[in-house]
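Take a look at the structure set out below.
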Amino acid sequence: MLEVGIKGTASLLVDESKLAKNVGSGNVALLSSPIMIALMEEASWKGLVPYLEPGFGTVGISVNVKHTRPTPLGMRVTAEAELIEIKGKRLAFRVSASDELGVIGEGLHERVIVEEAPFEAKAYGQ
C-alpha cells in the first residue's frame with residue numbers, strides 16, 4: 001500500500017556518456033543536468049516498485065529541480081526520493097542528488113500511476 005514517506009535511491013558513476021558535452025546539454029566535461037534529473041526519476045519509481053500491483057507502474061509528469069553544484073568525471077552520484085504527497089494516482093516526491101562532496105541538486109518531482117500495457121498501447125494508437 002502506498003503511503004507518504006516511502007523512499008527510493010539510485011546511483012551512478014559519472015562516465016563519458018553522462019557528461020553535458022556528450023548529451024547535448026552544454027559543452028562542459030561535467031555531469032549533465034538531464035542525467036541528474038533522470039537519476040532522481042529512477043530513485044522515485046524504484047522506491048514504489050514493491051508497493052504497486054503487477055502490471056502497474058508510474059510515469060513522470062513534472063520536474064522542478066535545481067542543479068546547484070558541478071560533478072566531475074569519475075565521481076559517484078546518488079539520488080534520493082521521498083514520497084511526500086498522494087492525490088489519487090498523482091504522486092509527489094522530494095528529490096535530491098549528492099556526489100562524494102555533498103548535495104548537487106534538489107527539488108520536486110511528480111509521477112502518476114498507470115496500468116503499463118494499456119498506457120503503452122495508447123501511445124501507439126491501439
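Letters A, B, ... go to the chains of the C-alpha cells in the order shown; residues in each chain start at 1; ligands are counted from 1 in the same order.
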- [ ] Give me the residues within 6 Å of stretch 46-59 of chain A as a list in words, counting only C-alpha atoms and dropping any in the same chain fewer than 4 places off.
- [x] Met1, Leu2, Lys7, Gly8, Glu42, Arg111, Val112, Ile113, Val114, Glu115 and Glu116 of chain A
Emit the selected residues as a compact mmCIF listing (two decimals), in the first residue's frame, including C-alpha atoms.
# COMPACT_ATOMS: atom_id res chain seq x y z
CA MET A 1 0.00 0.00 0.00
CA LEU A 2 1.35 3.38 -0.98
CA LYS A 7 11.83 6.31 -0.13
CA GLY A 8 13.92 5.22 -3.09
CA GLU A 42 14.86 6.50 -11.21
CA ARG A 111 4.57 10.91 -11.23
CA VAL A 112 1.26 9.23 -11.99
CA ILE A 113 0.32 5.59 -11.61
CA VAL A 114 -0.57 3.86 -14.88
CA GLU A 115 -1.53 0.40 -15.98
CA GLU A 116 1.51 -0.24 -18.16
Task: A:Thr78 surroundings by only C-alpha atoms, 8 Å radius, close-in-sequence under 6 positions cut, as a ChimeraX atom specification - done: /A:9-12,39,97-99
Task: atom CA of A:Ile104 to atom CA of A:Thr71, straight-line distance in Å - done: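 About the pair atom CA of A:Thr71 and atom CA of A:Ile104: they are 7.5 Å apart.
Of note, atom CA of A:Gly105 and atom CA of A:Pro70 are spaced 9.3 Å apart.
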Task: Those in stretch 36-89 of chain A with helix (DSSP H, G or I) from DSSP, as a PyMOL selection string - done: chain A and resi 36-51
Task: Sel. of strand (DSSP E) residues, stretch 3-123 of chain A, as a count of residues only - done: 55
Surrounding residues of A:Ala20 excluding itself and chain neighbours under 2 positions, 7 Å, only C-alpha atoms, as a short mmCIF file (atom, residue, chain, number, x, y, z; two decimals) with C-alpha atoms, in the first residue's frame:
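The resulting file, around_20.cif, is reproduced below:
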data_model
loop_
_atom_site.label_atom_id
_atom_site.label_comp_id
_atom_site.auth_asym_id
_atom_site.auth_seq_id
_atom_site.Cartn_x
_atom_site.Cartn_y
_atom_site.Cartn_z
CA LYS A 18 26.90 11.28 -18.72
CA ASN A 22 28.08 14.32 -24.73
CA VAL A 23 24.33 14.55 -24.10
CA GLY A 24 23.61 17.87 -25.78
CA SER A 25 23.07 19.94 -22.65
CA GLY A 26 26.23 22.04 -22.77
CA ASN A 27 29.89 21.98 -23.68
CA VAL A 28 31.49 21.07 -20.34
CA ALA A 29 33.00 17.79 -19.19
CA LEU A 30 30.78 17.64 -16.08
CA LEU A 31 27.66 15.69 -15.10
CA SER A 32 24.75 16.93 -17.18
#
Task: Coordinates-based distance that separates atom CA of A:Arg94 from atom CA of A:Lys21 (Å, one decimal) - done: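 Straight-line distance from atom CA of A:Lys21 to atom CA of A:Arg94 works out to 27.8 Å.
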Task: Proximity to A:Trp45 - best of A:Leu108, A:Val103, A:Leu91, A:Leu73, only C-alpha atoms - done: A:Leu91
